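Student: File coords29.cif below, mmCIF, C-alpha atoms:
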data_query
#
loop_
_atom_site.group_PDB
_atom_site.id
_atom_site.type_symbol
_atom_site.label_atom_id
_atom_site.label_comp_id
_atom_site.auth_asym_id
_atom_site.auth_seq_id
_atom_site.Cartn_x
_atom_site.Cartn_y
_atom_site.Cartn_z
ATOM 1 C CA MET A 1 106.721 159.256 94.951
ATOM 2 C CA LYS A 2 106.506 156.158 97.155
ATOM 3 C CA ILE A 3 103.589 154.776 95.113
ATOM 4 C CA THR A 4 105.558 155.266 91.897
ATOM 5 C CA ARG A 5 108.545 153.380 93.305
ATOM 6 C CA GLN A 6 106.331 150.491 94.384
ATOM 7 C CA LYS A 7 104.717 150.327 90.924
ATOM 8 C CA HIS A 8 108.135 150.118 89.293
ATOM 9 C CA ALA A 9 109.226 147.469 91.787
ATOM 10 C CA LYS A 10 106.076 145.449 91.123
ATOM 11 C CA LYS A 11 106.662 145.652 87.362
ATOM 12 C CA HIS A 12 110.307 144.555 87.645
ATOM 13 C CA LEU A 13 109.416 141.727 90.049
ATOM 14 C CA GLY A 14 106.790 140.437 87.618
ATOM 15 C CA PHE A 15 109.422 140.421 84.850
ATOM 16 C CA PHE A 16 111.907 138.383 86.910
ATOM 17 C CA ARG A 17 109.162 136.105 88.247
ATOM 18 C CA ASN A 18 107.771 135.215 84.825
ATOM 19 C CA ASN A 19 111.081 134.841 82.979
ATOM 20 C CA PHE A 20 113.511 133.571 85.625
ATOM 21 C CA GLY A 21 111.334 131.859 88.230
ATOM 22 C CA VAL A 22 112.063 134.248 91.116
ATOM 23 C CA ARG A 23 109.784 133.295 93.992
ATOM 24 C CA GLU A 24 108.934 134.229 97.559
ATOM 25 C CA PRO A 25 110.502 134.541 100.056
ATOM 26 C CA TYR A 26 112.983 136.730 98.186
ATOM 27 C CA GLN A 27 116.587 136.007 99.198
ATOM 28 C CA ILE A 28 118.633 139.203 99.249
ATOM 29 C CA LEU A 29 122.444 138.984 99.424
ATOM 30 C CA LEU A 30 123.927 142.006 101.223
ATOM 31 C CA ASP A 31 127.501 143.251 101.058
ATOM 32 C CA GLY A 32 129.331 145.610 103.436
ATOM 33 C CA THR A 33 128.684 148.754 101.387
ATOM 34 C CA PHE A 34 124.899 148.232 101.381
ATOM 35 C CA CYS A 35 124.876 147.632 105.157
ATOM 36 C CA GLN A 36 126.940 150.803 105.680
ATOM 37 C CA ALA A 37 124.547 152.858 103.512
ATOM 38 C CA ALA A 38 121.542 151.485 105.424
ATOM 39 C CA LEU A 39 123.222 152.447 108.703
ATOM 40 C CA ARG A 40 123.912 156.003 107.540
ATOM 41 C CA GLY A 41 120.375 156.459 106.205
ATOM 42 C CA ARG A 42 118.875 154.883 109.360
ATOM 43 C CA ILE A 43 116.994 152.364 107.267
ATOM 44 C CA GLN A 44 115.429 149.422 109.057
ATOM 45 C CA LEU A 45 116.068 146.726 106.441
ATOM 46 C CA ARG A 46 113.915 144.029 108.102
ATOM 47 C CA GLU A 47 110.886 146.326 108.108
ATOM 48 C CA GLN A 48 111.265 148.373 104.916
ATOM 49 C CA LEU A 49 112.339 145.651 102.429
ATOM 50 C CA PRO A 50 109.137 143.545 102.820
ATOM 51 C CA ARG A 51 107.031 146.686 102.485
ATOM 52 C CA TYR A 52 108.853 147.816 99.359
ATOM 53 C CA LEU A 53 108.781 144.412 97.646
ATOM 54 C CA MET A 54 105.304 143.582 99.033
ATOM 55 C CA ALA A 55 106.436 140.085 99.962
ATOM 56 C CA GLU A 56 108.387 138.132 102.546
ATOM 57 C CA THR A 57 112.173 138.552 102.375
ATOM 58 C CA GLN A 58 115.254 136.822 103.777
ATOM 59 C CA LEU A 59 118.419 138.879 104.404
ATOM 60 C CA CYS A 60 121.508 136.825 103.597
ATOM 61 C CA THR A 61 125.277 137.235 103.431
ATOM 62 C CA THR A 62 128.401 135.063 103.216
ATOM 63 C CA ARG A 63 131.394 134.292 105.403
ATOM 64 C CA CYS A 64 133.707 136.166 103.070
ATOM 65 C CA VAL A 65 131.682 139.393 103.519
ATOM 66 C CA LEU A 66 131.807 139.036 107.304
ATOM 67 C CA LYS A 67 135.531 138.355 107.181
ATOM 68 C CA GLU A 68 136.090 141.435 105.030
ATOM 69 C CA LEU A 69 134.137 143.666 107.456
ATOM 70 C CA GLU A 70 136.183 142.332 110.373
ATOM 71 C CA THR A 71 139.454 143.196 108.642
ATOM 72 C CA LEU A 72 138.323 146.759 107.825
ATOM 73 C CA GLY A 73 138.216 147.659 111.535
ATOM 74 C CA LYS A 74 136.114 150.023 113.624
ATOM 75 C CA ASP A 75 134.948 152.232 110.745
ATOM 76 C CA LEU A 76 132.558 149.522 109.560
ATOM 77 C CA TYR A 77 131.682 148.098 112.959
ATOM 78 C CA GLY A 78 128.009 149.068 112.619
ATOM 79 C CA ALA A 79 127.816 147.501 109.152
ATOM 80 C CA LYS A 80 129.361 144.336 110.574
ATOM 81 C CA LEU A 81 126.653 144.156 113.279
ATOM 82 C CA ILE A 82 123.929 144.446 110.628
ATOM 83 C CA ALA A 83 125.564 141.735 108.501
ATOM 84 C CA GLN A 84 125.932 139.410 111.481
ATOM 85 C CA LYS A 85 122.135 139.457 111.990
ATOM 86 C CA CYS A 86 121.610 138.102 108.468
ATOM 87 C CA GLN A 87 121.489 134.452 107.472
ATOM 88 C CA VAL A 88 124.893 133.126 106.404
ATOM 89 C CA ARG A 89 124.912 131.228 103.105
ATOM 90 C CA ASN A 90 127.633 128.690 102.415
ATOM 91 C CA CYS A 91 130.116 129.687 99.728
ATOM 92 C CA ALA A 92 132.941 127.806 98.024
ATOM 93 C CA HIS A 93 135.653 129.775 99.889
ATOM 94 C CA PHE A 94 135.520 127.997 103.218
ATOM 95 C CA LYS A 95 139.283 127.546 103.583
ATOM 96 C CA ASN A 96 140.619 130.536 101.651
ATOM 97 C CA ALA A 97 138.445 133.634 102.049
ATOM 98 C CA VAL A 98 138.192 136.095 99.132
ATOM 99 C CA SER A 99 136.843 139.632 98.836
ATOM 100 C CA GLY A 100 133.149 140.240 99.353
ATOM 101 C CA SER A 101 132.446 141.271 95.759
ATOM 102 C CA GLU A 102 134.197 138.177 94.391
ATOM 103 C CA CYS A 103 132.286 135.892 96.732
ATOM 104 C CA LEU A 104 128.907 137.422 95.845
ATOM 105 C CA LEU A 105 129.637 137.049 92.122
ATOM 106 C CA SER A 106 130.375 133.346 92.636
ATOM 107 C CA MET A 107 127.018 132.928 94.414
ATOM 108 C CA VAL A 108 125.066 134.089 91.333
ATOM 109 C CA GLU A 109 127.007 132.159 88.692
ATOM 110 C CA ASP A 110 125.531 129.548 86.341
ATOM 111 C CA GLY A 111 122.286 131.441 85.772
ATOM 112 C CA ASN A 112 121.591 132.275 89.445
ATOM 113 C CA PRO A 113 119.948 128.903 90.307
ATOM 114 C CA HIS A 114 118.969 129.997 93.851
ATOM 115 C CA HIS A 115 117.311 133.231 92.584
ATOM 116 C CA TYR A 116 119.295 135.643 94.739
ATOM 117 C CA PHE A 117 118.786 139.426 94.773
ATOM 118 C CA LEU A 118 122.082 141.307 95.024
ATOM 119 C CA ALA A 119 122.122 144.456 97.192
ATOM 120 C CA THR A 120 125.281 146.558 96.880
ATOM 121 C CA GLN A 121 126.592 150.108 96.586
ATOM 122 C CA ASP A 122 129.760 149.006 94.776
ATOM 123 C CA GLN A 123 129.686 150.376 91.191
ATOM 124 C CA ASN A 124 132.230 147.844 89.870
ATOM 125 C CA LEU A 125 130.242 144.947 91.294
ATOM 126 C CA SER A 126 127.028 146.402 89.846
ATOM 127 C CA MET A 127 128.564 146.596 86.356
ATOM 128 C CA LYS A 128 129.693 142.960 86.545
ATOM 129 C CA VAL A 129 126.257 141.848 87.738
ATOM 130 C CA LYS A 130 124.509 143.663 84.864
ATOM 131 C CA LYS A 131 126.570 141.649 82.379
ATOM 132 C CA LYS A 132 124.928 138.461 83.662
ATOM 133 C CA PRO A 133 121.242 137.836 82.871
ATOM 134 C CA GLY A 134 118.594 137.097 85.459
ATOM 135 C CA ILE A 135 120.052 138.798 88.576
ATOM 136 C CA PRO A 136 117.864 141.460 90.288
ATOM 137 C CA LEU A 137 120.024 144.343 91.544
ATOM 138 C CA MET A 138 119.193 146.601 94.500
ATOM 139 C CA PHE A 139 120.845 149.756 95.880
ATOM 140 C CA ILE A 140 120.128 152.725 98.163
ATOM 141 C CA ILE A 141 119.764 156.256 96.790
ATOM 142 C CA GLN A 142 118.714 159.296 98.807
ATOM 143 C CA ASN A 143 118.025 157.093 101.836
ATOM 144 C CA THR A 144 115.524 154.932 99.892
ATOM 145 C CA ILE A 145 115.794 151.374 98.642
ATOM 146 C CA VAL A 146 115.475 150.953 94.867
ATOM 147 C CA LEU A 147 115.129 147.797 92.729
ATOM 148 C CA ASP A 148 117.001 148.429 89.504
ATOM 149 C CA LYS A 149 115.306 147.776 86.185
ATOM 150 C CA PRO A 150 116.404 144.694 84.164
ATOM 151 C CA SER A 151 119.745 145.194 82.429
ATOM 152 C CA PRO A 152 120.057 145.232 78.600
ATOM 153 C CA LYS A 153 121.821 141.851 78.839
ATOM 154 C CA THR A 154 118.829 140.410 80.698
ATOM 155 C CA ILE A 155 116.301 141.787 78.215
ATOM 156 C CA ALA A 156 118.310 140.437 75.255
ATOM 157 C CA PHE A 157 118.447 137.023 76.900
ATOM 158 C CA VAL A 158 114.661 136.972 77.403
ATOM 159 C CA LYS A 159 114.065 137.929 73.766
ATOM 160 C CA ALA A 160 116.382 135.152 72.603
ATOM 161 C CA VAL A 161 114.474 132.676 74.755
ATOM 162 C CA GLU A 162 111.134 133.842 73.370
ATOM 163 C CA SER A 163 112.375 133.454 69.795
ATOM 164 C CA GLY A 164 113.461 129.879 70.587
ATOM 165 C CA GLN A 165 117.203 130.414 70.299
ATOM 166 C CA LEU A 166 117.942 129.803 74.006
ATOM 167 C CA VAL A 167 116.411 127.985 76.961
ATOM 168 C CA SER A 168 116.457 129.659 80.364
ATOM 169 C CA VAL A 169 117.523 127.925 83.555
ATOM 170 C CA HIS A 170 113.990 128.267 84.916
ATOM 171 C CA GLU A 171 112.550 126.517 81.869
ATOM 172 C CA LYS A 172 115.138 123.742 82.146
ATOM 173 C CA GLN A 173 114.144 123.143 85.767
ATOM 174 C CA SER A 174 110.431 123.121 84.939
ATOM 175 C CA ILE A 175 111.013 120.662 82.070
ATOM 176 C CA LYS A 176 112.998 118.415 84.377
ATOM 177 C CA GLN A 177 110.236 118.476 87.006
ATOM 178 C CA LEU A 178 107.582 117.617 84.411
ATOM 179 C CA LYS A 179 109.653 114.689 83.173
ATOM 180 C CA GLU A 180 110.093 113.392 86.707
ATOM 181 C CA GLU A 181 106.350 113.673 87.406
ATOM 182 C CA GLN A 182 105.469 111.762 84.232
ATOM 183 C CA GLY A 183 108.179 109.168 84.835
ATOM 184 C CA LEU A 184 110.170 109.951 81.697
ATOM 185 C CA VAL A 185 113.427 110.434 83.577
ATOM 186 C CA LYS A 186 115.134 107.133 84.324
ATOM 187 C CA ASP A 187 117.274 106.533 87.350
ATOM 188 C CA PRO A 188 121.034 106.319 86.795
ATOM 189 C CA GLU A 189 120.938 102.722 88.007
ATOM 190 C CA GLN A 190 118.457 101.828 85.275
ATOM 191 C CA ARG A 191 120.586 103.542 82.661
ATOM 192 C CA ARG A 192 123.433 101.198 83.314
ATOM 193 C CA ARG A 193 123.619 98.510 80.733
ATOM 194 C CA LYS A 194 122.751 95.077 81.851
ATOM 195 C CA LYS A 195 125.595 92.614 81.761
ATOM 196 C CA ARG A 196 125.214 90.152 78.973
ATOM 197 C CA LYS A 197 125.596 86.522 79.788
ATOM 198 C CA LYS A 198 128.629 84.906 78.252
ATOM 199 C CA VAL A 199 128.102 82.084 75.776
ATOM 200 C CA SER A 200 128.883 78.945 77.713
ATOM 201 C CA GLY A 201 129.396 75.375 76.519
ATOM 202 C CA PRO A 202 127.155 72.413 77.290
ATOM 203 C CA ASN A 203 126.733 71.161 80.791
ATOM 204 C CA PRO A 204 129.566 68.661 81.473
ATOM 205 C CA LEU A 205 127.226 66.464 83.520
ATOM 206 C CA SER A 206 124.895 66.074 80.553
ATOM 207 C CA CYS A 207 127.805 64.773 78.423
ATOM 208 C CA LEU A 208 128.535 61.803 80.687
ATOM 209 C CA LYS A 209 127.561 58.316 79.539
ATOM 210 C CA LYS A 210 124.474 56.855 81.077
ATOM 211 C CA LYS A 211 125.134 54.145 83.638
ATOM 212 C CA LYS A 212 123.377 50.784 83.304
ATOM 213 C CA LYS A 213 120.919 50.006 86.017
ATOM 214 C CA THR A 214 122.197 47.188 88.268
ATOM 215 C CA GLN A 215 119.610 44.768 89.573
ATOM 216 C CA ASP A 216 119.738 44.375 93.269
ATOM 217 C CA THR A 217 120.256 40.734 94.309
ATOM 218 C CA ASN A 218 118.375 41.305 97.526
ATOM 219 C CA SER A 219 115.242 42.523 95.773
ATOM 220 C CA SER A 220 115.238 39.625 93.299
ATOM 221 C CA ALA A 221 115.733 37.089 96.059
ATOM 222 C CA SER A 222 112.893 38.549 98.070
ATOM 223 C CA GLU A 223 110.569 38.451 95.067
ATOM 224 C CA LYS A 224 111.368 34.769 94.468
ATOM 225 C CA LYS A 225 110.442 33.834 97.976
ATOM 226 C CA ARG A 226 107.103 32.136 98.248
ATOM 227 C CA LYS A 227 104.396 33.759 100.204
ATOM 228 C CA ARG A 228 103.483 32.106 103.417
ATOM 229 C CA LYS A 229 100.012 30.536 103.510
ATOM 230 C CA ARG A 230 97.856 31.564 106.364
ATOM 231 C CA ILE A 231 96.421 28.704 108.424
ATOM 232 C CA ARG A 232 93.048 29.543 109.815
ATOM 233 C CA ASN A 233 92.295 28.380 113.321
ATOM 234 C CA ARG A 234 89.102 26.500 113.886
ATOM 235 C CA SER A 235 86.536 28.107 116.031
ATOM 236 C CA THR A 236 86.385 27.104 119.678
ATOM 237 C CA SER A 237 82.742 26.001 119.444
ATOM 238 C CA LYS A 238 83.511 23.357 116.805
ATOM 239 C CA VAL A 239 86.482 22.072 118.753
ATOM 240 C CA LEU A 240 84.366 21.699 121.897
ATOM 241 C CA SER A 241 81.610 19.875 120.054
ATOM 242 C CA GLU A 242 84.057 17.406 118.543
ATOM 243 C CA LYS A 243 85.636 16.881 121.930
ATOM 244 C CA GLN A 244 82.299 16.186 123.523
ATOM 245 C CA ASN A 245 81.332 13.697 120.811
ATOM 246 C CA ALA A 246 84.632 11.892 121.251
ATOM 247 C CA GLU A 247 84.092 11.626 125.004
ATOM 248 C CA GLY A 248 80.522 10.257 124.561
ATOM 249 C CA TYR A 249 78.368 13.238 125.557
ATOM 250 C CA ARG A 250 74.820 13.298 124.103
ATOM 251 C CA ASN A 251 72.053 15.845 123.894
ATOM 252 C CA PRO A 252 69.961 15.580 127.089
ATOM 253 C CA LEU A 253 66.735 16.078 125.129
ATOM 254 C CA GLN A 254 67.630 13.118 122.941
ATOM 255 C CA TYR A 255 67.359 10.512 125.744
ATOM 256 C CA SER A 256 65.272 12.270 128.343
ATOM 257 C CA CYS A 257 62.179 10.344 127.264
ATOM 258 C CA LEU A 258 63.898 6.984 127.633
ATOM 259 C CA LYS A 259 64.809 7.556 131.257
ATOM 260 C CA ASN A 260 61.379 8.950 132.149
ATOM 261 C CA PRO A 261 58.517 7.318 130.159
ATOM 262 C CA MET A 262 56.081 9.930 131.473
ATOM 263 C CA ASP A 263 57.901 12.637 129.431
ATOM 264 C CA ARG A 264 57.266 10.890 126.094
ATOM 265 C CA GLY A 265 54.066 12.820 125.490
ATOM 266 C CA ALA A 266 55.766 16.156 126.106
ATOM 267 C CA TRP A 267 58.553 15.173 123.792
ATOM 268 C CA TRP A 268 56.132 14.256 120.975
ATOM 269 C CA ALA A 269 54.169 17.449 121.500
ATOM 270 C CA MET A 270 57.343 19.515 121.108
ATOM 271 C CA ILE A 271 58.303 17.650 117.891
ATOM 272 C CA HIS A 272 54.788 18.209 116.519
ATOM 273 C CA ARG A 273 54.974 21.937 117.173
ATOM 274 C CA ILE A 274 58.313 22.189 115.369
ATOM 275 C CA ALA A 275 57.019 20.220 112.374
ATOM 276 C CA LYS A 276 53.852 22.276 112.276
ATOM 277 C CA SER A 277 55.727 25.483 112.227
ATOM 278 C CA LEU A 278 58.029 24.260 109.439
ATOM 279 C CA THR A 279 55.513 22.534 107.165
ATOM 280 C CA GLY A 280 52.218 24.101 108.196
ATOM 281 C CA LEU A 281 50.647 20.637 108.721
ATOM 282 C CA LYS A 282 47.688 20.062 111.022
ATOM 283 C CA ARG A 283 47.212 17.001 113.231
ATOM 284 C CA PRO A 284 44.262 14.750 112.112
#
Could you show the structure in this file as structure tokens?

Tutor:
Amino acid sequence: MKITRQKHAKKHLGFFRNNFGVREPYQILLDGTFCQAALRGRIQLREQLPRYLMAETQLCTTRCVLKELETLGKDLYGAKLIAQKCQVRNCAHFKNAVSGSECLLSMVEDGNPHHYFLATQDQNLSMKVKKKPGIPLMFIIQNTIVLDKPSPKTIAFVKAVESGQLVSVHEKQSIKQLKEEQGLVKDPEQRRRKKRKKVSGPNPLSCLKKKKKTQDTNSSASEKKRKRKRIRNRSTSKVLSEKQNAEGYRNPLQYSCLKNPMDRGAWWAMIHRIAKSLTGLKRP
């Protein structure tokens, strides 16, 4: 019997996984009636749910469910303890709490985008859930947990999607992800239209009359000035030679032979050597 239940659960999970994108870990929303039934049947939800669904699970509830169990008093104290151990999901009734069934219905609206499983023993809530496609429903019967088969509304929705009449929420999300990966989705900032530049008139500075160039008097006067001629200074050697000639100085070699007649031969020999070197003449 247990193997048969697991086969049915596996079949139903494959249906919801392929058509509505239900994925692990499975998020199961519990209400007070389901917690009370688990307490009476001594069912360990944290141990038996993963075994039955053959996957990791997360037990969840809402503030409105906890508030409802608190108001019901001591009769549901054990159910309240079980619900308090679950993860609390944020609902839209933070200020004004509503009944548990109403709150759970609001959590699975708009095509159940968070892929919640709904676990309840409330028949009215179950009927309302079956009218909405894509919501897996769970309940306890004869102290065993059962995953209900897809509702007729869900099956009709899947057939309409397959025929191309409708598009499921899961397909919309996958299409959006593919567009984002390929860069086809533009950012909202890029979608904004660029402001067009207003047609403006000509630049007022370009319309001004051109000013005549005024000749600077200083520049013209400086150009007219004659350039100063540079006077080169004579070299000091020439000045000294002229000074010596004026004072009567003579070359000592010029008159050395006159003072000493014995040096006339040396003087002629020196002149001969100079002439020989210049003209290449030989003495006869």

Student: Taking a cut-off of 8 Å and counting all atoms listed in the file, can you build a table that, for each residue of range 12-38 of chain A near range 50-62 of chain A, reports the nearest atom pair and how far apart they are in Å (one decimal), sorted by chain then residue number, as a Markdown table?

Tutor:
| residue | atom | partner | partner_atom | distance |
| --- | --- | --- | --- | --- |
| A:Glu24 | CA | A:Glu56 | CA | 6.4 |
| A:Pro25 | CA | A:Glu56 | CA | 4.9 |
| A:Tyr26 | CA | A:Thr57 | CA | 4.6 |
| A:Gln27 | CA | A:Gln58 | CA | 4.8 |
| A:Ile28 | CA | A:Leu59 | CA | 5.2 |
| A:Leu29 | CA | A:Cys60 | CA | 4.8 |
| A:Leu30 | CA | A:Thr61 | CA | 5.4 |
| A:Asp31 | CA | A:Thr61 | CA | 6.8 |

Student: Could you tell me which residues the PyMOL selection byres ((chain A and resi 139-155) around 10) grabs in this file, written as a ChimeraX atom specification?

Tutor: /A:2,5-6,8-13,15-16,19-20,30,33-35,37-43,45,48-49,52-53,117-122,126-127,129-138,156-161

Student: Ranking A:Glu102, A:Asp75, A:Glu180, A:Glu70 by minimum distance to Asn124 in chain A and counting all atoms listed in the file, which one comes first?

Tutor: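 Of all the options, A:Glu102 lies closest to Asn124 in chain A.
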
Student: Any chance you could resolve the PyMOL selection byres ((chain A and resi 97) around 8) against this file and give the residues as a list of chain:residue names?

Tutor: A:Arg63, A:Cys64, A:Lys67, A:His93, A:Phe94, A:Lys95, A:Asn96, A:Val98, A:Ser99

Student: Selected by the PyMOL selection byres ((chain A and resi 109) around 12) in the shown coordinates: which residues, as a PyMOL selection string?

Tutor: chain A and resi 91-92+102-108+110-116+128-129+131-135+169

Student: Could you turn the residues from that selection into a file that holds C-alpha atoms, as an mmCIF file, in the coordinates of the input?

Tutor:
data_model
loop_
_atom_site.group_PDB
_atom_site.id
_atom_site.type_symbol
_atom_site.label_atom_id
_atom_site.label_comp_id
_atom_site.auth_asym_id
_atom_site.auth_seq_id
_atom_site.Cartn_x
_atom_site.Cartn_y
_atom_site.Cartn_z
ATOM 1 C CA CYS A 91 130.116 129.687 99.728
ATOM 2 C CA ALA A 92 132.941 127.806 98.024
ATOM 3 C CA GLU A 102 134.197 138.177 94.391
ATOM 4 C CA CYS A 103 132.286 135.892 96.732
ATOM 5 C CA LEU A 104 128.907 137.422 95.845
ATOM 6 C CA LEU A 105 129.637 137.049 92.122
ATOM 7 C CA SER A 106 130.375 133.346 92.636
ATOM 8 C CA MET A 107 127.018 132.928 94.414
ATOM 9 C CA VAL A 108 125.066 134.089 91.333
ATOM 10 C CA ASP A 110 125.531 129.548 86.341
ATOM 11 C CA GLY A 111 122.286 131.441 85.772
ATOM 12 C CA ASN A 112 121.591 132.275 89.445
ATOM 13 C CA PRO A 113 119.948 128.903 90.307
ATOM 14 C CA HIS A 114 118.969 129.997 93.851
ATOM 15 C CA HIS A 115 117.311 133.231 92.584
ATOM 16 C CA TYR A 116 119.295 135.643 94.739
ATOM 17 C CA LYS A 128 129.693 142.960 86.545
ATOM 18 C CA VAL A 129 126.257 141.848 87.738
ATOM 19 C CA LYS A 131 126.570 141.649 82.379
ATOM 20 C CA LYS A 132 124.928 138.461 83.662
ATOM 21 C CA PRO A 133 121.242 137.836 82.871
ATOM 22 C CA GLY A 134 118.594 137.097 85.459
ATOM 23 C CA ILE A 135 120.052 138.798 88.576
ATOM 24 C CA VAL A 169 117.523 127.925 83.555
#

Student: First collect every listed atom of range 24-38 of chain A; then fit an axis-aligned box around them, widen it by 5 Å on each side, and give centre and edge lengths in Å to one decimal, as JSON.

Tutor:
{"center_x": 119.1, "center_y": 143.5, "center_z": 101.6, "size_x": 30.4, "size_y": 28.6, "size_z": 18.1}

Student: By how many Å are CA of Glu68 in chain A and CA of Ala83 in chain A apart?

Tutor: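 About the pair CA of Glu68 in chain A and CA of Ala83 in chain A: they are 11.1 Å apart.
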
Student: What is the CA of Gln84 in chain A to CA of Leu66 in chain A distance in Å?

Tutor: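 So the answer is 7.2 Å.
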
Student: Quick one: distance from CA of Gly21 in chain A to CA of Ser163 in chain A in Å, one decimal?

Tutor: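 If I compute the distance from CA of Gly21 in chain A to CA of Ser163 in chain A, I get 18.5 Å.
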
Student: List the neighbours of range 77-82 of chain A out to 6 Å using only C-alpha atoms; skip same-chain residues closer than 3 positions along the sequence, and give me the result as a ChimeraX atom specification.

Tutor: /A:35-36,69,74,85
